Structures are given as structure tokens and as C-alpha cells.
$ cat upload06.cif   # mmCIF, C-alpha atoms; chains and numbers go by the auth columns
data_input
loop_
_atom_site.group_PDB
_atom_site.id
_atom_site.type_symbol
_atom_site.label_atom_id
_atom_site.label_comp_id
_atom_site.label_asym_id
_atom_site.label_seq_id
_atom_site.Cartn_x
_atom_site.Cartn_y
_atom_site.Cartn_z
_atom_site.B_iso_or_equiv
_atom_site.auth_seq_id
_atom_site.auth_asym_id
ATOM 1 C CA MET A 1 132.039 128.436 100.004 0.00 58 A
ATOM 2 C CA PHE A 2 133.389 124.901 100.332 0.00 59 A
ATOM 3 C CA THR A 3 131.171 124.275 103.354 0.00 60 A
ATOM 4 C CA ALA A 4 128.147 125.320 101.298 0.00 61 A
ATOM 5 C CA PHE A 5 129.192 122.974 98.492 0.00 62 A
ATOM 6 C CA LEU A 6 129.719 120.034 100.876 0.00 63 A
ATOM 7 C CA LYS A 7 126.289 120.618 102.429 0.00 64 A
ATOM 8 C CA ALA A 8 124.756 120.591 98.949 0.00 65 A
ATOM 9 C CA LEU A 9 126.646 117.413 98.076 0.00 66 A
ATOM 10 C CA GLY A 10 125.418 115.754 101.252 0.00 67 A
ATOM 11 C CA GLN A 11 121.799 116.325 100.246 0.00 68 A
ATOM 12 C CA LEU A 12 122.010 114.613 96.838 0.00 69 A
ATOM 13 C CA GLY A 13 120.151 111.633 98.289 0.00 70 A
ATOM 14 C CA ASP A 14 117.099 113.811 99.006 0.00 71 A
ATOM 15 C CA ARG A 15 114.038 112.619 97.065 0.00 72 A
ATOM 16 C CA ARG A 16 113.438 116.081 95.608 0.00 73 A
ATOM 17 C CA PHE A 17 117.067 116.335 94.548 0.00 74 A
ATOM 18 C CA ARG A 18 116.895 112.945 92.816 0.00 75 A
ATOM 19 C CA ARG A 19 113.731 113.956 90.959 0.00 76 A
ATOM 20 C CA VAL A 20 115.273 117.175 89.672 0.00 77 A
ATOM 21 C CA VAL A 21 118.528 115.414 88.713 0.00 78 A
ATOM 22 C CA LEU A 22 116.520 112.952 86.603 0.00 79 A
ATOM 23 C CA LEU A 23 114.508 115.740 84.976 0.00 80 A
ATOM 24 C CA GLY A 24 117.720 117.672 84.388 0.00 81 A
ATOM 25 C CA ILE A 25 119.378 114.726 82.654 0.00 82 A
ATOM 26 C CA LEU A 26 116.368 114.313 80.379 0.00 83 A
ATOM 27 C CA LEU A 27 116.314 118.052 79.643 0.00 84 A
ATOM 28 C CA ALA A 28 120.048 118.180 78.912 0.00 85 A
ATOM 29 C CA LEU A 29 119.896 115.178 76.594 0.00 86 A
ATOM 30 C CA ALA A 30 116.856 116.598 74.803 0.00 87 A
ATOM 31 C CA LEU A 31 118.485 120.000 74.263 0.00 88 A
ATOM 32 C CA LEU A 32 121.767 118.516 73.098 0.00 89 A
ATOM 33 C CA ALA A 33 119.937 116.119 70.751 0.00 90 A
ATOM 34 C CA ALA A 34 117.901 118.985 69.287 0.00 91 A
ATOM 35 C CA PHE A 35 121.029 121.063 68.767 0.00 92 A
ATOM 36 C CA TYR A 36 122.796 118.129 67.108 0.00 93 A
ATOM 37 C CA ALA A 37 119.807 117.431 64.834 0.00 94 A
ATOM 38 C CA ALA A 38 119.779 121.062 63.687 0.00 95 A
ATOM 39 C CA PHE A 39 123.560 120.981 63.164 0.00 96 A
ATOM 40 C CA LEU A 40 123.289 117.753 61.170 0.00 97 A
ATOM 41 C CA GLN A 41 120.480 119.147 59.036 0.00 98 A
ATOM 42 C CA LEU A 42 122.637 122.185 58.229 0.00 99 A
ATOM 43 C CA ILE A 43 125.492 119.898 57.133 0.00 100 A
ATOM 44 C CA TRP A 44 123.193 117.892 54.865 0.00 101 A
ATOM 45 C CA TRP A 45 121.780 121.063 53.358 0.00 102 A
ATOM 46 C CA ALA A 46 125.226 122.554 52.665 0.00 103 A
ATOM 47 C CA THR A 47 126.952 119.373 51.408 0.00 104 A
ATOM 48 C CA PRO A 48 126.711 118.467 47.689 0.00 105 A
ATOM 49 C CA ASP A 49 125.655 114.962 46.644 0.00 106 A
ATOM 50 C CA SER A 50 129.084 114.311 45.134 0.00 107 A
ATOM 51 C CA VAL A 51 132.434 116.001 44.622 0.00 108 A
ATOM 52 C CA GLU A 52 134.600 115.664 41.531 0.00 109 A
ATOM 53 C CA ILE A 53 138.225 114.894 42.456 0.00 110 A
ATOM 54 C CA PRO A 54 140.906 115.012 39.735 0.00 111 A
ATOM 55 C CA PHE A 55 142.210 111.577 38.686 0.00 112 A
ATOM 56 C CA VAL A 56 139.665 109.959 41.008 0.00 113 A
ATOM 57 C CA GLY A 57 136.299 111.007 39.655 0.00 114 A
ATOM 58 C CA PRO A 58 133.090 111.696 41.519 0.00 115 A
ATOM 59 C CA VAL A 59 133.088 110.887 45.223 0.00 116 A
ATOM 60 C CA THR A 60 129.761 110.347 46.991 0.00 117 A
ATOM 61 C CA GLY A 61 128.774 109.692 50.568 0.00 118 A
ATOM 62 C CA LEU A 62 130.147 112.960 51.925 0.00 119 A
ATOM 63 C CA GLU A 63 126.947 113.568 53.894 0.00 120 A
ATOM 64 C CA THR A 64 127.416 110.328 55.816 0.00 121 A
ATOM 65 C CA LEU A 65 131.103 110.984 56.444 0.00 122 A
ATOM 66 C CA LEU A 66 130.489 114.535 57.660 0.00 123 A
ATOM 67 C CA GLY A 67 127.539 113.325 59.729 0.00 124 A
ATOM 68 C CA TRP A 68 129.735 110.912 61.702 0.00 125 A
ATOM 69 C CA GLY A 69 132.434 113.534 61.957 0.00 126 A
ATOM 70 C CA SER A 70 129.940 116.061 63.284 0.00 127 A
ATOM 71 C CA LEU A 71 128.985 113.613 66.040 0.00 128 A
ATOM 72 C CA LEU A 72 132.561 113.697 67.340 0.00 129 A
ATOM 73 C CA VAL A 73 132.569 117.495 67.095 0.00 130 A
ATOM 74 C CA MET A 74 129.306 117.705 69.023 0.00 131 A
ATOM 75 C CA LEU A 75 130.651 115.452 71.780 0.00 132 A
ATOM 76 C CA GLY A 76 133.491 117.941 72.220 0.00 133 A
ATOM 77 C CA LEU A 77 131.199 120.962 72.013 0.00 134 A
ATOM 78 C CA SER A 78 128.860 119.424 74.599 0.00 135 A
ATOM 79 C CA VAL A 79 131.366 120.527 77.253 0.00 136 A
ATOM 80 C CA PHE A 80 130.738 124.150 76.247 0.00 137 A
ATOM 81 C CA LEU A 81 127.017 123.642 75.642 0.00 138 A
ATOM 82 C CA MET A 82 126.458 122.413 79.194 0.00 139 A
ATOM 83 C CA VAL A 83 126.835 125.969 80.526 0.00 140 A
ATOM 84 C CA PRO A 84 123.776 127.327 78.667 0.00 141 A
ATOM 85 C CA VAL A 85 121.925 124.083 79.431 0.00 142 A
ATOM 86 C CA ALA A 86 122.682 124.631 83.122 0.00 143 A
ATOM 87 C CA SER A 87 121.331 128.187 82.910 0.00 144 A
ATOM 88 C CA VAL A 88 118.008 127.010 81.448 0.00 145 A
ATOM 89 C CA PHE A 89 117.863 124.265 84.067 0.00 146 A
ATOM 90 C CA THR A 90 118.313 126.783 86.885 0.00 147 A
ATOM 91 C CA GLY A 91 115.293 128.849 85.874 0.00 148 A
ATOM 92 C CA LEU A 92 113.044 125.802 85.572 0.00 149 A
ATOM 93 C CA PHE A 93 113.919 123.927 88.777 0.00 150 A
ATOM 94 C CA LEU A 94 115.239 126.635 91.108 0.00 151 A
ATOM 95 C CA GLU A 95 112.302 126.566 93.527 0.00 152 A
ATOM 96 C CA ASP A 96 112.303 122.788 94.015 0.00 153 A
ATOM 97 C CA ILE A 97 115.964 122.674 95.011 0.00 154 A
ATOM 98 C CA ALA A 98 116.009 125.889 97.076 0.00 155 A
ATOM 99 C CA ASP A 99 112.897 124.773 98.994 0.00 156 A
ATOM 100 C CA ALA A 100 114.446 121.358 99.698 0.00 157 A
ATOM 101 C CA VAL A 101 117.616 123.005 101.062 0.00 158 A
ATOM 102 C CA GLU A 102 115.701 125.459 103.244 0.00 159 A
ATOM 103 C CA ASP A 103 113.323 122.806 104.565 0.00 160 A
ATOM 104 C CA ARG A 104 116.258 120.717 105.796 0.00 161 A
ATOM 105 C CA HIS A 105 118.784 123.345 106.903 0.00 162 A
ATOM 106 C CA TYR A 106 116.734 126.497 107.609 0.00 163 A
ATOM 107 C CA PRO A 107 113.342 125.256 108.856 0.00 164 A
ATOM 108 C CA ALA A 108 112.645 128.405 110.912 0.00 165 A
ATOM 109 C CA LEU A 109 112.571 130.671 107.866 0.00 166 A
ATOM 110 C CA PRO A 110 109.242 132.056 106.656 0.00 167 A
ATOM 111 C CA PRO A 111 108.103 130.898 103.214 0.00 168 A
ATOM 112 C CA ALA A 112 110.063 132.460 100.354 0.00 169 A
ATOM 113 C CA THR A 113 108.437 134.560 97.683 0.00 170 A
ATOM 114 C CA ALA A 114 108.634 132.213 94.743 0.00 171 A
ATOM 115 C CA LEU A 115 109.622 133.684 91.415 0.00 172 A
ATOM 116 C CA PRO A 116 106.783 133.294 88.914 0.00 173 A
ATOM 117 C CA TRP A 117 107.557 130.476 86.489 0.00 174 A
ATOM 118 C CA THR A 118 107.407 132.895 83.574 0.00 175 A
ATOM 119 C CA GLU A 119 109.833 135.299 85.289 0.00 176 A
ATOM 120 C CA GLY A 120 112.302 132.526 86.042 0.00 177 A
ATOM 121 C CA LEU A 121 112.096 131.360 82.438 0.00 178 A
ATOM 122 C CA ARG A 122 112.528 134.931 81.142 0.00 179 A
ATOM 123 C CA GLN A 123 115.598 135.442 83.321 0.00 180 A
ATOM 124 C CA SER A 124 117.047 132.137 82.133 0.00 181 A
ATOM 125 C CA ILE A 125 116.461 132.971 78.460 0.00 182 A
ATOM 126 C CA ASN A 126 118.096 136.388 78.883 0.00 183 A
ATOM 127 C CA PHE A 127 121.018 134.771 80.662 0.00 184 A
ATOM 128 C CA LEU A 128 121.230 132.091 77.969 0.00 185 A
ATOM 129 C CA GLY A 129 121.699 134.805 75.351 0.00 186 A
ATOM 130 C CA LEU A 130 124.447 136.409 77.455 0.00 187 A
ATOM 131 C CA VAL A 131 126.216 133.072 77.982 0.00 188 A
ATOM 132 C CA LEU A 132 126.136 132.250 74.271 0.00 189 A
ATOM 133 C CA ALA A 133 127.428 135.703 73.314 0.00 190 A
ATOM 134 C CA VAL A 134 130.266 135.695 75.856 0.00 191 A
ATOM 135 C CA ASN A 135 131.325 132.149 75.002 0.00 192 A
ATOM 136 C CA ALA A 136 131.217 132.903 71.272 0.00 193 A
ATOM 137 C CA VAL A 137 133.744 135.689 71.883 0.00 194 A
ATOM 138 C CA ALA A 138 135.784 133.448 74.192 0.00 195 A
ATOM 139 C CA LEU A 139 136.059 130.798 71.438 0.00 196 A
ATOM 140 C CA PHE A 140 138.337 133.194 69.539 0.00 197 A
ATOM 141 C CA LEU A 141 140.518 133.632 72.623 0.00 198 A
ATOM 142 C CA TYR A 142 140.912 129.953 73.520 0.00 199 A
ATOM 143 C CA PRO A 143 143.555 129.220 70.803 0.00 200 A
ATOM 144 C CA MET A 144 145.641 132.146 72.102 0.00 201 A
ATOM 145 C CA VAL A 145 145.939 130.821 75.650 0.00 202 A
ATOM 146 C CA GLY A 146 146.931 127.268 74.696 0.00 203 A
ATOM 147 C CA PRO A 147 147.044 124.942 77.723 0.00 204 A
ATOM 148 C CA PHE A 148 145.235 127.516 79.841 0.00 205 A
ATOM 149 C CA THR A 149 142.035 127.173 77.775 0.00 206 A
ATOM 150 C CA PRO A 150 140.200 125.205 80.520 0.00 207 A
ATOM 151 C CA VAL A 151 141.166 127.860 83.082 0.00 208 A
ATOM 152 C CA LEU A 152 139.818 130.650 80.856 0.00 209 A
ATOM 153 C CA PHE A 153 136.614 128.644 80.313 0.00 210 A
ATOM 154 C CA TRP A 154 136.147 128.161 84.066 0.00 211 A
ATOM 155 C CA VAL A 155 136.905 131.780 84.946 0.00 212 A
ATOM 156 C CA VAL A 156 134.630 133.304 82.283 0.00 213 A
ATOM 157 C CA ASN A 157 131.725 130.981 82.956 0.00 214 A
ATOM 158 C CA GLY A 158 132.339 131.061 86.698 0.00 215 A
ATOM 159 C CA PHE A 159 131.611 134.774 86.661 0.00 216 A
ATOM 160 C CA LEU A 160 128.427 134.252 84.626 0.00 217 A
ATOM 161 C CA LEU A 161 127.168 131.298 86.668 0.00 218 A
ATOM 162 C CA GLY A 162 127.924 132.977 89.986 0.00 219 A
ATOM 163 C CA ARG A 163 125.899 136.001 88.921 0.00 220 A
ATOM 164 C CA GLU A 164 123.013 133.863 87.624 0.00 221 A
ATOM 165 C CA TYR A 165 122.739 131.436 90.526 0.00 222 A
ATOM 166 C CA PHE A 166 123.039 134.058 93.236 0.00 223 A
ATOM 167 C CA THR A 167 120.621 136.519 91.629 0.00 224 A
ATOM 168 C CA LEU A 168 117.861 133.954 91.190 0.00 225 A
ATOM 169 C CA VAL A 169 118.301 132.575 94.721 0.00 226 A
ATOM 170 C CA ALA A 170 118.448 136.046 96.314 0.00 227 A
ATOM 171 C CA LEU A 171 115.325 137.281 94.511 0.00 228 A
ATOM 172 C CA ARG A 172 113.302 134.703 96.421 0.00 229 A
ATOM 173 C CA ARG A 173 113.895 136.640 99.657 0.00 230 A
ATOM 174 C CA LEU A 174 115.051 140.144 98.722 0.00 231 A
ATOM 175 C CA PRO A 175 113.782 142.967 96.511 0.00 232 A
ATOM 176 C CA PRO A 176 115.757 143.279 93.238 0.00 233 A
ATOM 177 C CA ALA A 177 117.716 146.357 94.402 0.00 234 A
ATOM 178 C CA GLU A 178 118.843 144.664 97.638 0.00 235 A
ATOM 179 C CA ALA A 179 119.734 141.441 95.824 0.00 236 A
ATOM 180 C CA ALA A 180 121.858 143.413 93.335 0.00 237 A
ATOM 181 C CA ALA A 181 123.570 145.339 96.150 0.00 238 A
ATOM 182 C CA MET A 182 124.424 142.131 98.025 0.00 239 A
ATOM 183 C CA ARG A 183 125.779 140.617 94.802 0.00 240 A
ATOM 184 C CA ARG A 184 128.014 143.634 94.189 0.00 241 A
ATOM 185 C CA ARG A 185 129.362 143.574 97.760 0.00 242 A
ATOM 186 C CA ASN A 186 130.344 139.926 97.435 0.00 243 A
ATOM 187 C CA ARG A 187 131.241 139.768 93.742 0.00 244 A
ATOM 188 C CA LEU A 188 134.645 138.120 94.209 0.00 245 A
ATOM 189 C CA ARG A 189 133.311 135.422 96.529 0.00 246 A
ATOM 190 C CA LEU A 190 130.439 134.720 94.151 0.00 247 A
ATOM 191 C CA TRP A 191 132.832 134.610 91.200 0.00 248 A
ATOM 192 C CA ALA A 192 134.954 132.031 93.025 0.00 249 A
ATOM 193 C CA ALA A 193 131.860 129.972 93.883 0.00 250 A
ATOM 194 C CA GLY A 194 130.680 130.175 90.262 0.00 251 A
ATOM 195 C CA THR A 195 134.079 128.945 89.098 0.00 252 A
ATOM 196 C CA LEU A 196 133.737 126.020 91.493 0.00 253 A
ATOM 197 C CA MET A 197 130.515 125.162 89.639 0.00 254 A
ATOM 198 C CA ALA A 198 131.923 125.809 86.141 0.00 255 A
ATOM 199 C CA ALA A 199 134.931 123.484 86.491 0.00 256 A
ATOM 200 C CA PRO A 200 132.919 120.213 86.839 0.00 257 A
ATOM 201 C CA LEU A 201 130.740 121.263 83.879 0.00 258 A
ATOM 202 C CA SER A 202 133.718 120.206 81.768 0.00 259 A
ATOM 203 C CA VAL A 203 133.386 116.607 82.995 0.00 260 A
ATOM 204 C CA PRO A 204 130.866 114.451 81.075 0.00 261 A
ATOM 205 C CA VAL A 205 128.121 112.820 83.207 0.00 262 A
ATOM 206 C CA LEU A 206 129.180 114.787 86.304 0.00 263 A
ATOM 207 C CA ASN A 207 128.083 117.975 84.542 0.00 264 A
ATOM 208 C CA LEU A 208 124.486 116.706 84.537 0.00 265 A
ATOM 209 C CA VAL A 209 124.381 116.937 88.351 0.00 266 A
ATOM 210 C CA ILE A 210 126.130 120.294 88.702 0.00 267 A
ATOM 211 C CA PRO A 211 123.060 122.539 88.122 0.00 268 A
ATOM 212 C CA VAL A 212 121.380 120.947 91.151 0.00 269 A
ATOM 213 C CA LEU A 213 124.493 121.335 93.289 0.00 270 A
ATOM 214 C CA GLY A 214 124.870 124.903 92.021 0.00 271 A
ATOM 215 C CA VAL A 215 121.420 126.008 93.159 0.00 272 A
ATOM 216 C CA ALA A 216 121.842 124.235 96.503 0.00 273 A
ATOM 217 C CA THR A 217 125.323 125.697 97.063 0.00 274 A
ATOM 218 C CA PHE A 218 124.213 129.239 96.312 0.00 275 A
ATOM 219 C CA THR A 219 121.172 128.856 98.544 0.00 276 A
ATOM 220 C CA HIS A 220 123.515 128.067 101.452 0.00 277 A
ATOM 221 C CA LEU A 221 125.846 130.869 100.386 0.00 278 A
ATOM 222 C CA PHE A 222 123.019 133.402 100.246 0.00 279 A
ATOM 223 C CA HIS A 223 121.877 132.594 103.789 0.00 280 A
ATOM 224 C CA ARG A 224 125.426 132.817 105.109 0.00 281 A
ATOM 225 C CA LEU A 225 125.973 136.228 103.487 0.00 282 A
ATOM 226 C CA ALA A 226 122.584 137.433 104.706 0.00 283 A
ATOM 227 C CA ALA A 227 123.480 136.365 108.269 0.00 284 A
ATOM 228 C CA GLN A 228 126.812 138.150 108.047 0.00 285 A
ATOM 229 C CA GLY A 229 125.040 141.292 106.839 0.00 286 A
ATOM 230 C CA ARG A 230 122.695 141.202 109.819 0.00 287 A
#

$ encode --input "upload06.cif" --output "C-alpha cells"
Amino acid sequence: MFTAFLKALGQLGDRRFRRVVLLGILLALALLAAFYAAFLQLIWWATPDSVEIPFVGPVTGLETLLGWGSLLVMLGLSVFLMVPVASVFTGLFLEDIADAVEDRHYPALPPATALPWTEGLRQSINFLGLVLAVNAVALFLYPMVGPFTPVLFWVVNGFLLGREYFTLVALRRLPPAEAAAMRRRNRLRLWAAGTLMAAPLSVPVLNLVIPVLGVATFTHLFHRLAAQGR
């Protein structure tokens, strides 16, 4: 697992990697900006123009105050939002990264069967819904675990990301039933690898590169597991 990650890290200078990293940063910023704009619009819609406070009188400007406050909230929530952003990213740019890895490290392989763009997007949207649902439930659990909140976040999302990354990579070279069987046989290893990807998603700026490293890492991991199976 760590060897696969180090190989992925060593290829970050690849031209195709750099292109996808740049596109990923733009996509992440666009999605986070859209989410913040919708959140801000909801605040403005729900906030009255003024509030009457006893002995003080009417107080205005609440929209502006809550707007600035919401920016700080969104900066904190962006840590959690990067997981669904990473899932969308994976479906859109999977082929570019997996092909770059295989061209450099596995040149003797026959061409992979590329997932149709629409299928990759459909899988990512379905996974996005699952990620949002699971993390919405986890938000109620975070206060109960106190200082172990980051660990719970990594473990929960590590399971989800490991399943997502491996499934999409494996489907390029295996029928769905075989890909699912391989995933089940190696579920603990894939969970650990997914957690390795989920932990840096908590780190601003670094989390923008993690989706690329995730796809590359799981491409290496898939080929190692396939070789062991043979």
C-alpha cells in the first residue's frame, strides 16, 4: 500500500498529472464557491432586515454579519466537503490518471476498456449521494467522540473512498462481478488504503492533490492484487 502511494507521489511531475491537478483545483474551487453562494443566498432569504432588541431598538446589518460568519463556517466545512468533491473528480478524470500510470509502470498491458464518460459520471453521482448521506449521519456522532473526531472522519471516509477508487479502477480491466469479488477479498487492505487517502483530505491545499494520488495509488494497488491472484 505504501509502495503504491510512493510510486503515485513520484509521478506527480508527469505532464498528464499536472494537467489533471490543475483541472481538479479549478473544479474544487468552482464546486465550493457554488455551494457557498447557495448557502449565502439561504441565509439572506431567512434573515430579517432588522431585529428589535429591548432597550437597544432595531438592529440592522444582520445579513452582512451572518454572511461573514458563514464564510468562516464554510472554510471549516470545506474539510468535509472535499470528500464528495474528490468523488466527483474521480469519475471525471479517472482514465487520464490511470492511463498515465499504466503507460509508465505497466507498458506491456493491453489497452484497458475505458468506462464510458456517462457511466463514470453516473457512478460518481451515486457515490456522491452515499458520501453525503453517510457523512450527514456521522456529523451527529462527531460530538460524541470528542478528540477522536478526525479519526472517525478518516475511518468512515476511508472505507467509502477505498470502495470508490478501487471499483472504478478495477472496472477498466475486469467484469463487474470479478471486480466486486476482488474488492470483497481485499476489503480490509482497501479500507486501509482509503483511509490513507482520507487523512490528507483534512489538510487545506494538500487535499486538492489527493484525488489524483488516490486514483494513481489504487491503480498500482489493483495491479498488485491482480498479480497476486494470478

$ closest_residue --input "upload06.cif" --among "A:Pro168, A:Leu69, A:Phe74, A:Arg161" --to "Arg230 (chain A)" --atoms "all atoms listed in the file"
A:Pro168

$ resolve_selection --input "upload06.cif" --expression "the PyMOL selection byres ((chain A and resi 152-157) around 7)" --output "list in words"
Arg73, Phe74, Phe150, Leu151, Val158, Glu159, Asp160, Arg161, Ala171, Val269, Val272, Ala273 and Thr276 of chain A

$ residues_around --input "upload06.cif" --residues "Ala256 (chain A)" --least-positions-apart "3" --cutoff "10 Å" --atoms "only C-alpha atoms" --output "NGL selection string"
:A and (207-208 or 210-212 or 214-215 or 251-253 or 259-260 or 264 or 267)

$ atom_distance --input "upload06.cif" --atom1 "CA of Leu198 (chain A)" --atom2 "CA of Leu270 (chain A)"
28.9 Å

$ atom_distance --input "upload06.cif" --atom1 "CA of Asp71 (chain A)" --atom2 "CA of Gly286 (chain A)"
29.7 Å

$ atom_distance --input "upload06.cif" --atom1 "CA of Tyr222 (chain A)" --atom2 "CA of Gly271 (chain A)"
7.0 Å

$ residues_around --input "upload06.cif" --residues "Leu247 (chain A)" --least-positions-apart "4" --cutoff "10 Å" --atoms "all atoms listed in the file" --output "count of residues only"
20

$ residues_around --input "upload06.cif" --residues "Gly81 (chain A)" --least-positions-apart "3" --cutoff "9 Å" --atoms "only C-alpha atoms" --output "count of residues only"
13

$ closest_residue --input "upload06.cif" --among "A:Ala61, A:Val194, A:Leu79, A:Leu99" --to "His280 (chain A)" --atoms "only C-alpha atoms"
A:Ala61

$ closest_residue --input "upload06.cif" --among "A:Val213, A:Leu66, A:Arg246, A:Ala227" --to "Val188 (chain A)" --atoms "all atoms listed in the file"
A:Val213

$ closest_residue --input "upload06.cif" --among "A:Tyr93, A:Met254, A:Gln180, A:Ala195" --to "Thr224 (chain A)" --atoms "only C-alpha atoms"
A:Gln180

$ closest_residue --input "upload06.cif" --among "A:Leu209, A:Val191, A:Thr170, A:Arg179" --to "Val226 (chain A)" --atoms "all atoms listed in the file"
A:Thr170

$ closest_residue --input "upload06.cif" --among "A:Leu80, A:Met239, A:Leu263, A:Ala65" --to "Gln285 (chain A)" --atoms "only C-alpha atoms"
A:Met239

$ build_atoms --input "upload06.cif" --residues "region 239-248 of chain A" --atoms "all heavy atoms" --output "tab-separated table (two decimals), in the frame of the given file"
chain	number	residue	atom	x	y	z
A	239	MET	N	123.71	143.22	97.35
A	239	MET	CA	124.42	142.13	98.02
A	239	MET	C	125.37	141.43	97.05
A	239	MET	O	126.50	141.07	97.41
A	239	MET	CB	123.44	141.12	98.62
A	239	MET	CG	124.13	139.97	99.34
A	239	MET	SD	122.98	138.73	100.00
A	239	MET	CE	122.33	139.62	101.42
A	240	ARG	N	124.92	141.26	95.81
A	240	ARG	CA	125.78	140.62	94.80
A	240	ARG	C	127.03	141.45	94.53
A	240	ARG	O	128.13	140.92	94.44
A	240	ARG	CB	124.99	140.42	93.51
A	240	ARG	CG	125.73	139.59	92.45
A	240	ARG	CD	124.97	139.57	91.15
A	240	ARG	NE	124.98	140.89	90.53
A	240	ARG	CZ	123.91	141.50	90.02
A	240	ARG	NH1	122.72	140.93	90.09
A	240	ARG	NH2	124.02	142.69	89.45
A	241	ARG	N	126.86	142.76	94.44
A	241	ARG	CA	128.01	143.63	94.19
A	241	ARG	C	129.00	143.60	95.35
A	241	ARG	O	130.22	143.59	95.15
A	241	ARG	CB	127.55	145.07	93.92
A	241	ARG	CG	126.91	145.27	92.55
A	241	ARG	CD	126.75	146.74	92.24
A	241	ARG	NE	125.84	147.40	93.18
A	241	ARG	CZ	124.53	147.51	92.99
A	241	ARG	NH1	123.97	147.00	91.90
A	241	ARG	NH2	123.78	148.15	93.88
A	242	ARG	N	128.48	143.58	96.58
A	242	ARG	CA	129.36	143.57	97.76
A	242	ARG	C	130.20	142.31	97.84
A	242	ARG	O	131.30	142.31	98.41
A	242	ARG	CB	128.54	143.72	99.04
A	242	ARG	CG	127.96	145.09	99.29
A	242	ARG	CD	127.49	145.24	100.73
A	242	ARG	NE	126.52	144.24	101.10
A	242	ARG	CZ	125.20	144.38	100.96
A	242	ARG	NH1	124.70	145.48	100.41
A	242	ARG	NH2	124.37	143.41	101.35
A	243	ASN	N	129.68	141.23	97.30
A	243	ASN	CA	130.34	139.93	97.44
A	243	ASN	C	130.75	139.36	96.08
A	243	ASN	O	130.84	138.14	95.92
A	243	ASN	CB	129.40	138.95	98.15
A	243	ASN	CG	129.03	139.40	99.55
A	243	ASN	OD1	129.79	139.23	100.48
A	243	ASN	ND2	127.84	139.98	99.69
A	244	ARG	N	131.02	140.22	95.12
A	244	ARG	CA	131.24	139.77	93.74
A	244	ARG	C	132.41	138.79	93.61
A	244	ARG	O	132.30	137.80	92.86
A	244	ARG	CB	131.44	140.96	92.80
A	244	ARG	CG	132.62	141.86	93.12
A	244	ARG	CD	132.86	142.86	91.99
A	244	ARG	NE	131.75	143.77	91.84
A	244	ARG	CZ	131.64	144.94	92.48
A	244	ARG	NH1	132.60	145.31	93.34
A	244	ARG	NH2	130.64	145.75	92.28
A	245	LEU	N	133.49	139.01	94.35
A	245	LEU	CA	134.65	138.12	94.21
A	245	LEU	C	134.35	136.73	94.78
A	245	LEU	O	134.73	135.71	94.21
A	245	LEU	CB	135.87	138.73	94.89
A	245	LEU	CG	136.44	139.99	94.21
A	245	LEU	CD1	137.65	140.50	94.98
A	245	LEU	CD2	136.81	139.70	92.75
A	246	ARG	N	133.68	136.71	95.93
A	246	ARG	CA	133.31	135.42	96.53
A	246	ARG	C	132.34	134.66	95.63
A	246	ARG	O	132.48	133.45	95.45
A	246	ARG	CB	132.69	135.64	97.91
A	246	ARG	CG	132.44	134.35	98.68
A	246	ARG	CD	131.80	134.62	100.02
A	246	ARG	NE	132.65	135.45	100.88
A	246	ARG	CZ	132.36	135.70	102.15
A	246	ARG	NH1	131.28	135.19	102.70
A	246	ARG	NH2	133.16	136.45	102.86
A	247	LEU	N	131.40	135.36	95.04
A	247	LEU	CA	130.44	134.72	94.15
A	247	LEU	C	131.11	134.26	92.87
A	247	LEU	O	130.76	133.21	92.31
A	247	LEU	CB	129.30	135.69	93.83
A	247	LEU	CG	128.48	136.16	95.04
A	247	LEU	CD1	127.40	137.15	94.61
A	247	LEU	CD2	127.84	134.97	95.76
A	248	TRP	N	132.07	135.02	92.39
A	248	TRP	CA	132.83	134.61	91.20
A	248	TRP	C	133.57	133.31	91.48
A	248	TRP	O	133.57	132.38	90.68
A	248	TRP	CB	133.80	135.72	90.82
A	248	TRP	CG	134.45	135.56	89.47
A	248	TRP	CD1	134.46	134.44	88.68
A	248	TRP	CD2	135.18	136.56	88.74
A	248	TRP	NE1	135.16	134.67	87.53
A	248	TRP	CE2	135.61	135.96	87.53
A	248	TRP	CE3	135.51	137.88	89.01
A	248	TRP	CZ2	136.36	136.66	86.59
A	248	TRP	CZ3	136.26	138.58	88.06
A	248	TRP	CH2	136.67	137.97	86.87
